[in-house]
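Peer 1: I'm passing along coords23.txt; it holds compact mmCIF, C-alpha atoms.
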# COMPACT_ATOMS: atom_id res chain seq x y z
CA MET X 1 -83.20 16.33 92.22
CA THR X 2 -81.63 15.08 95.36
CA GLU X 3 -85.03 14.23 96.54
CA MET X 4 -85.72 12.16 93.45
CA MET X 5 -82.41 10.38 93.95
CA ARG X 6 -83.39 9.63 97.36
CA HIS X 7 -86.56 8.01 96.02
CA ASN X 8 -85.17 5.72 93.28
CA GLY X 9 -81.34 6.25 93.13
CA PHE X 10 -81.33 7.50 89.46
CA HIS X 11 -80.71 10.89 87.98
CA PRO X 12 -83.73 12.30 86.34
CA VAL X 13 -83.61 11.88 82.53
CA GLY X 14 -82.38 14.91 80.66
CA GLU X 15 -80.89 16.58 83.64
CA PRO X 16 -77.14 17.04 83.65
CA THR X 17 -75.22 15.66 86.58
CA ARG X 18 -72.36 17.39 88.34
CA ALA X 19 -69.91 15.04 86.74
CA GLY X 20 -71.01 16.17 83.25
CA PRO X 21 -73.11 14.55 80.53
CA ILE X 22 -73.54 10.82 80.56
CA PRO X 23 -71.30 9.19 77.89
CA LEU X 24 -73.38 7.67 75.17
CA GLY X 25 -70.69 5.35 73.59
CA PRO X 26 -69.79 5.02 69.89
CA MET X 27 -72.41 6.32 67.66
CA ALA X 28 -73.98 3.82 65.36
CA PRO X 29 -73.96 4.95 61.71
CA MET X 30 -77.15 6.41 60.64
CA PRO X 31 -78.79 4.43 57.90
CA GLY X 32 -78.08 5.99 54.48
CA SER X 33 -75.00 8.04 55.56
CA MET X 34 -71.21 7.44 54.84
CA PRO X 35 -69.29 5.57 57.55
CA VAL X 36 -66.94 7.89 59.34
CA PRO X 37 -63.41 6.42 59.58
CA PRO X 38 -61.97 6.35 63.02
CA PRO X 39 -59.43 9.11 63.62
CA ARG X 40 -55.81 8.10 62.85
CA PRO X 41 -53.57 7.74 65.80
CA PRO X 42 -50.67 10.21 65.96
CA GLY X 43 -47.54 9.08 64.00
CA ALA X 44 -49.42 7.03 61.45
CA ARG X 45 -48.97 9.69 58.79
CA ALA X 46 -45.20 9.82 59.40
CA THR X 47 -45.01 6.04 59.12
CA VAL X 48 -46.77 6.15 55.76
CA VAL X 49 -44.47 8.90 54.51
CA LEU X 50 -41.42 7.01 55.68
CA SER X 51 -42.65 3.84 54.02
CA VAL X 52 -43.15 5.64 50.72
CA LEU X 53 -39.68 7.21 50.98
CA VAL X 54 -38.16 3.81 51.75
CA ALA X 55 -39.86 2.35 48.69
CA LEU X 56 -38.62 5.19 46.49
CA LEU X 57 -35.09 5.03 47.86
CA PHE X 58 -35.10 1.27 47.43
CA VAL X 59 -35.83 1.72 43.74
CA ALA X 60 -33.22 4.47 43.52
CA ALA X 61 -30.63 2.31 45.28
CA ILE X 62 -31.31 -0.62 42.96
CA GLY X 63 -31.08 1.74 40.01
CA SER X 64 -27.79 3.23 41.15
CA VAL X 65 -26.30 -0.22 41.74
CA VAL X 66 -27.41 -1.39 38.31
CA LEU X 67 -26.02 1.75 36.69
CA TYR X 68 -22.73 1.35 38.53
CA VAL X 69 -22.38 -2.32 37.54
CA SER X 70 -23.14 -1.42 33.95
CA ALA X 71 -20.66 1.48 33.97
CA ARG X 72 -18.06 -0.75 35.57
CA GLY X 73 -18.59 -3.30 32.82
CA ASP X 74 -18.16 -0.60 30.19
CA HIS X 75 -15.03 0.61 31.95
CA ASP X 76 -13.53 -2.88 32.10
CA ALA X 77 -14.33 -3.45 28.44
CA ALA X 78 -12.74 -0.11 27.51
CA VAL X 79 -9.63 -0.91 29.56
CA SER X 80 -9.38 -4.32 27.91
CA ARG X 81 -9.76 -2.76 24.46
CA LEU X 82 -7.15 -0.12 25.29
CA ALA X 83 -4.70 -2.82 26.41
CA GLU X 84 -5.33 -4.72 23.19
CA ARG X 85 -4.75 -1.62 21.05
CA LYS X 86 -1.61 -0.75 23.00
CA GLY X 87 -0.37 -4.27 22.32
CA ALA X 88 -1.13 -3.82 18.64
CA LEU X 89 0.67 -0.47 18.68
CA ALA X 90 3.73 -2.03 20.31
CA ALA X 91 3.76 -4.79 17.69
CA VAL X 92 3.47 -2.32 14.81
CA ASN X 93 6.12 -0.07 16.34
CA GLN X 94 8.44 -3.04 16.63
CA LYS X 95 7.88 -3.82 12.94
CA VAL X 96 8.51 -0.17 12.08
CA VAL X 97 11.79 -0.23 14.00
CA SER X 98 12.72 -3.47 12.25
CA THR X 99 11.92 -2.09 8.79
CA ASP X 100 13.77 1.14 9.64
CA ALA X 101 16.87 -0.93 10.36
CA ALA X 102 16.33 -2.99 7.19
CA LEU X 103 15.98 0.22 5.19
CA ARG X 104 19.23 1.61 6.60
CA ALA X 105 20.99 -1.68 5.81
CA ALA X 106 19.51 -1.77 2.30
CA ALA X 107 20.52 1.82 1.65
CA GLN X 108 24.05 1.11 2.84
CA ARG X 109 24.24 -2.09 0.76
CA ASN X 110 22.91 -0.37 -2.35
CA SER X 111 25.31 2.50 -1.81
CA GLY X 112 28.20 0.01 -1.77
CA LEU X 113 26.86 -1.67 -4.91
CA ALA X 114 26.46 1.70 -6.62
CA THR X 115 30.06 2.59 -5.79
CA GLU X 116 31.22 -0.77 -7.12
CA LYS X 117 29.18 -0.23 -10.26
CA THR X 118 30.70 3.22 -10.74
CA ASP X 119 34.23 1.82 -10.37
CA LEU X 120 33.51 -1.03 -12.78
CA THR X 121 31.83 1.33 -15.23
CA THR X 122 34.94 3.54 -15.21
CA CYS X 123 37.05 0.48 -15.97
CA VAL X 124 34.71 -0.79 -18.68
CA ASP X 125 34.52 2.67 -20.27
CA ALA X 126 38.31 2.77 -20.32
CA VAL X 127 38.50 -0.68 -21.92
CA GLN X 128 35.86 0.19 -24.51
CA HIS X 129 37.63 3.46 -25.27
CA TYR X 130 40.88 1.53 -25.75
CA LEU X 131 39.30 -1.20 -27.83
CA TRP X 132 36.72 0.54 -29.99
CA ASP X 133 37.60 4.17 -30.47
CA GLY X 134 40.29 3.47 -33.10
CA LEU X 135 43.03 5.07 -31.08
CA THR X 136 46.57 5.36 -32.36
CA GLY X 137 49.81 6.73 -31.07
CA ASP X 138 49.73 8.80 -27.92
CA GLU X 139 45.97 8.46 -27.55
CA ARG X 140 46.32 4.68 -27.50
CA THR X 141 49.15 4.89 -24.98
CA ALA X 142 47.09 7.22 -22.81
CA ALA X 143 44.13 4.86 -23.06
CA VAL X 144 46.31 1.95 -21.95
CA ASP X 145 47.63 3.98 -19.03
CA LEU X 146 44.11 4.89 -18.06
CA LEU X 147 43.03 1.25 -18.33
CA PHE X 148 45.92 0.19 -16.10
CA THR X 149 44.98 2.88 -13.61
CA VAL X 150 41.25 2.27 -13.31
CA CYS X 151 41.17 -1.50 -13.83
CA GLY X 152 44.23 -2.47 -11.82
CA MET O 1 -45.58 -3.31 74.29
CA THR O 2 -48.12 -0.63 73.65
CA GLU O 3 -49.24 0.34 70.19
CA GLN O 4 -47.44 3.64 70.49
CA GLN O 5 -44.17 1.94 71.32
CA HIS O 6 -44.69 -0.44 68.43
CA ARG O 7 -45.31 2.49 66.10
CA ARG O 8 -42.25 4.33 67.35
CA ARG O 9 -40.14 1.24 66.84
CA THR O 10 -41.44 0.87 63.28
CA MET O 11 -40.61 4.50 62.55
CA VAL O 12 -37.08 4.10 63.87
CA LEU O 13 -36.60 0.98 61.79
CA LEU O 14 -37.91 2.74 58.69
CA ALA O 15 -35.63 5.69 59.36
CA VAL O 16 -32.62 3.41 59.66
CA VAL O 17 -33.55 1.58 56.44
CA LEU O 18 -34.06 4.93 54.76
CA GLY O 19 -30.64 6.09 55.89
CA VAL O 20 -29.01 2.91 54.64
CA LEU O 21 -30.75 3.25 51.28
CA VAL O 22 -29.72 6.89 51.00
CA ALA O 23 -26.14 5.86 51.74
CA ILE O 24 -26.25 3.04 49.17
CA THR O 25 -27.76 5.33 46.57
CA GLY O 26 -25.18 8.00 47.28
CA VAL O 27 -22.22 5.66 47.26
CA PHE O 28 -23.19 3.80 44.12
CA GLY O 29 -24.27 7.00 42.43
CA SER O 30 -20.86 8.48 43.13
CA LEU O 31 -19.13 5.29 41.99
CA TYR O 32 -21.19 5.39 38.81
CA VAL O 33 -20.11 8.97 38.10
CA VAL O 34 -16.47 8.10 38.79
CA ALA O 35 -16.66 4.98 36.62
CA ARG O 36 -18.18 6.99 33.78
CA GLY O 37 -15.42 9.57 34.08
CA ASP O 38 -12.74 6.88 34.10
CA THR O 39 -14.31 5.21 31.10
CA GLY O 40 -14.28 8.53 29.27
CA GLN O 41 -10.58 8.95 29.96
CA VAL O 42 -9.84 5.39 28.88
CA ARG O 43 -11.76 5.97 25.66
CA GLU O 44 -9.77 9.15 25.01
CA GLN O 45 -6.55 7.18 25.47
CA GLN O 46 -7.94 4.48 23.23
CA SER O 47 -8.73 7.04 20.55
CA ALA O 48 -5.22 8.48 20.79
CA THR O 49 -3.78 4.97 20.62
CA GLU O 50 -5.87 4.21 17.54
CA ASP O 51 -4.43 7.33 15.88
CA ARG O 52 -0.91 6.23 16.76
CA VAL O 53 -1.59 2.73 15.45
CA ALA O 54 -2.88 4.24 12.21
CA ASP O 55 0.25 6.40 11.92
CA ALA O 56 2.49 3.44 12.66
CA ASP O 57 0.62 1.29 10.13
CA LEU O 58 1.07 4.01 7.51
CA ARG O 59 4.76 4.32 8.29
CA LEU O 60 5.14 0.54 8.18
CA ALA O 61 3.43 0.42 4.79
CA THR O 62 5.74 3.19 3.52
CA ASN O 63 8.80 1.39 4.88
CA THR O 64 7.71 -1.90 3.33
CA SER O 65 7.15 -0.25 -0.03
CA THR O 66 10.52 1.54 0.16
CA LEU O 67 12.17 -1.73 1.14
CA ASP O 68 10.68 -3.40 -1.93
CA ASP O 69 12.07 -0.56 -4.05
CA ARG O 70 15.50 -0.97 -2.44
CA ASP O 71 15.41 -4.71 -3.15
CA GLN O 72 14.53 -4.08 -6.77
CA GLU O 73 17.28 -1.47 -7.00
CA ARG O 74 19.71 -3.99 -5.48
CA GLU O 75 18.76 -6.62 -8.05
CA GLU O 76 19.31 -4.17 -10.90
CA LEU O 77 22.66 -3.09 -9.46
CA GLU O 78 23.76 -6.69 -9.02
CA ASN O 79 22.74 -7.52 -12.61
CA ASP O 80 24.63 -4.49 -13.91
CA ILE O 81 27.66 -5.36 -11.81
CA THR O 82 27.64 -8.95 -13.09
CA LYS O 83 27.66 -7.65 -16.68
CA LEU O 84 30.39 -5.12 -15.91
CA HIS O 85 32.51 -7.80 -14.24
CA ALA O 86 32.38 -9.81 -17.46
CA CYS O 87 34.40 -6.99 -19.04
CA ALA O 88 36.31 -5.57 -16.10
CA ASP O 89 37.62 -8.92 -14.83
CA PRO O 90 39.44 -9.79 -18.09
CA ALA O 91 40.78 -6.23 -18.14
CA ALA O 92 42.17 -6.70 -14.66
CA ALA O 93 43.50 -10.14 -15.70
CA SER O 94 45.20 -8.58 -18.68
CA ILE O 95 46.99 -6.11 -16.43
CA VAL O 96 48.13 -8.95 -14.19
CA ALA O 97 49.28 -10.89 -17.24
CA VAL O 98 51.22 -7.88 -18.60
CA ASN O 99 52.87 -7.34 -15.26
CA ALA O 100 53.71 -11.06 -15.07
CA GLY O 101 54.89 -11.21 -18.70
CA ASP O 102 52.39 -14.03 -19.33
CA ASP O 103 51.53 -13.71 -23.02
CA VAL O 104 49.14 -16.67 -22.98
CA ALA O 105 47.13 -15.26 -20.13
CA LEU O 106 47.19 -11.84 -21.79
CA GLY O 107 45.89 -13.35 -25.03
CA ASN O 108 43.08 -15.13 -23.22
CA ALA O 109 42.21 -11.97 -21.31
CA VAL O 110 42.16 -9.83 -24.45
CA ASP O 111 39.92 -12.41 -26.18
CA LEU O 112 37.51 -12.18 -23.31
CA MET O 113 37.68 -8.37 -23.39
CA LEU O 114 36.82 -8.38 -27.08
CA ASP O 115 33.91 -10.72 -26.41
CA ASN O 116 32.53 -9.02 -23.35
CA CYS O 117 33.40 -5.35 -23.69
CA GLY O 118 31.45 -4.51 -26.81
CA ARG O 119 29.32 -1.41 -27.02
Here is a file; write its structure as structure tokens.
Peer 2:
Amino acid sequence: MTEMMRHNGFHPVGEPTRAGPIPLGPMAPMPGSMPVPPPRPPGARATVVLSVLVALLFVAAIGSVVLYVSARGDHDAAVSRLAERKGALAAVNQKVVSTDAALRAAAQRNSGLATEKTDLTTCVDAVQHYLWDGLTGDERTAAVDLLFTVCG
Amino acid sequence: MTEQQHRRRTMVLLAVVLGVLVAITGVFGSLYVVARGDTGQVREQQSATEDRVADADLRLATNTSTLDDRDQEREELENDITKLHACADPAAASIVAVNAGDDVALGNAVDLMLDNCGR
């Protein structure tokens, strides 16, 4: 071989050199066969996975924010409704207290009227007994005494 | 910048964004759960308040009805008392007249008693 190199300066075809086989360069696709994708560089797979996770978490984050805003709205509405019902309860309780007082006053007033009616009825009964029961003598005197006692 | 450095930088950026999104999701998810719990408690209080309002309304209706009855009872008592006074007042006047020795007043009082104290 070295002699041949001495003649023309080229390695003989088909003979390996000391430095190894001669690089042939990228292979052209054979007609009729599938193109072979170039090998992915390291880290590309992780980037894809991270991108997918970011997309999923983005959707999840949006969803959680929307849910929170909705729940907050419900909460505010419930608090507002509770305040309104508590106000209504306070108003009704105030009316109940007012009517309780009116009932006590009415009961006291009617009690006084009933007592007055009882006293007057005693007097009127005594008068009617004196006037209309045809009393004579001691009975009449007793009726007059009674009338003076209960109507005086 | 080499392609490898560019790729590494992209991965770091994606990791940071991912972390931020995880944090946002976690925070708002927790806030959502808390808000739901709070809303549940508020609704329980609201339900209890509704019950108390219903009780108070019922008591108010009972009081109002009883008050109407008391007013009617008062009117009847006042009417009865007015009628009784028509008889009892002349009787009292007659006693005053007797004590005063006023025969005219006694006669007037007795006339009224006869008119107003019938059975």
Peer 1: Please find the residues of chain O near chain X - the criterion being any atom within 8 Å, counting only C-alpha atoms - and write them as JSON, numbers by chain.
Peer 2: {"O": [7, 8, 10, 11, 14, 15, 17, 18, 21, 22, 24, 25, 28, 29, 31, 32, 35, 36, 38, 39, 42, 43, 45, 46, 49, 50, 52, 53, 56, 57, 59, 60, 63, 64, 66, 67, 70, 71, 73, 74, 77, 78, 80, 81, 84, 85, 87, 88, 91, 92, 95, 96, 113, 114, 117, 118, 119]}
Peer 1: Grab the CA of Ala101 in chain X to CA of Asp55 in chain O distance for me, in Å with one decimal place.
Peer 2: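 For CA of Ala101 in chain X relative to CA of Asp55 in chain O, the distance reads 18.2 Å.
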Peer 1: As an exercise, work out the distance from CA of Ala93 in chain O to CA of Val110 in chain O in Å and give it to one decimal place.
Peer 2: 8.9 Å
Peer 1: CA of Asn108 in chain O and CA of Ala86 in chain O are how many Å apart?
Peer 2: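 A separation of 13.3 Å between them.
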Peer 1: Please return the centre and edge lengths, in Å to one decimal, of a box with edges along x, y and z that contains all listed atoms of range 9-24 of chain O, widened by 4 Å on every side, as lines of an AutoDock Vina configuration file.
Peer 2:
center_x = -33.8
center_y = 3.9
center_z = 58.0
size_x = 23.3
size_y = 14.0
size_z = 25.7
Peer 1: Please fill the gaps in range 124-136 of chain X so it has N, CA and C atoms, and write that as a short mmCIF file (atom, residue, chain, number, x, y, z; two decimals), in the coordinates of the input.
Peer 2:
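Below is the file result_38.cif, written as the result:
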data_model
loop_
_atom_site.label_atom_id
_atom_site.label_comp_id
_atom_site.auth_asym_id
_atom_site.auth_seq_id
_atom_site.Cartn_x
_atom_site.Cartn_y
_atom_site.Cartn_z
N VAL X 124 35.28 -0.31 -17.42
CA VAL X 124 34.71 -0.79 -18.68
C VAL X 124 34.75 0.31 -19.73
N ASP X 125 34.45 1.55 -19.32
CA ASP X 125 34.52 2.67 -20.27
C ASP X 125 35.95 2.81 -20.81
N ALA X 126 36.91 2.66 -19.89
CA ALA X 126 38.31 2.77 -20.32
C ALA X 126 38.67 1.66 -21.30
N VAL X 127 38.22 0.46 -21.03
CA VAL X 127 38.50 -0.68 -21.92
C VAL X 127 37.85 -0.45 -23.28
N GLN X 128 36.57 -0.04 -23.24
CA GLN X 128 35.86 0.19 -24.51
C GLN X 128 36.51 1.32 -25.31
N HIS X 129 36.94 2.36 -24.58
CA HIS X 129 37.63 3.46 -25.27
C HIS X 129 38.91 2.94 -25.93
N TYR X 130 39.63 2.10 -25.21
CA TYR X 130 40.88 1.53 -25.75
C TYR X 130 40.60 0.62 -26.94
N LEU X 131 39.55 -0.20 -26.81
CA LEU X 131 39.30 -1.20 -27.83
C LEU X 131 38.62 -0.65 -29.07
N TRP X 132 37.65 0.23 -28.89
CA TRP X 132 36.72 0.54 -29.99
C TRP X 132 36.76 1.96 -30.53
N ASP X 133 37.61 2.80 -29.98
CA ASP X 133 37.60 4.17 -30.47
C ASP X 133 38.67 4.43 -31.53
N GLY X 134 39.30 3.35 -32.01
CA GLY X 134 40.29 3.47 -33.10
C GLY X 134 41.46 4.37 -32.72
N LEU X 135 41.96 4.19 -31.56
CA LEU X 135 43.03 5.07 -31.08
C LEU X 135 44.36 4.66 -31.70
N THR X 136 45.21 5.64 -31.87
CA THR X 136 46.57 5.36 -32.36
C THR X 136 47.52 6.26 -31.59
#
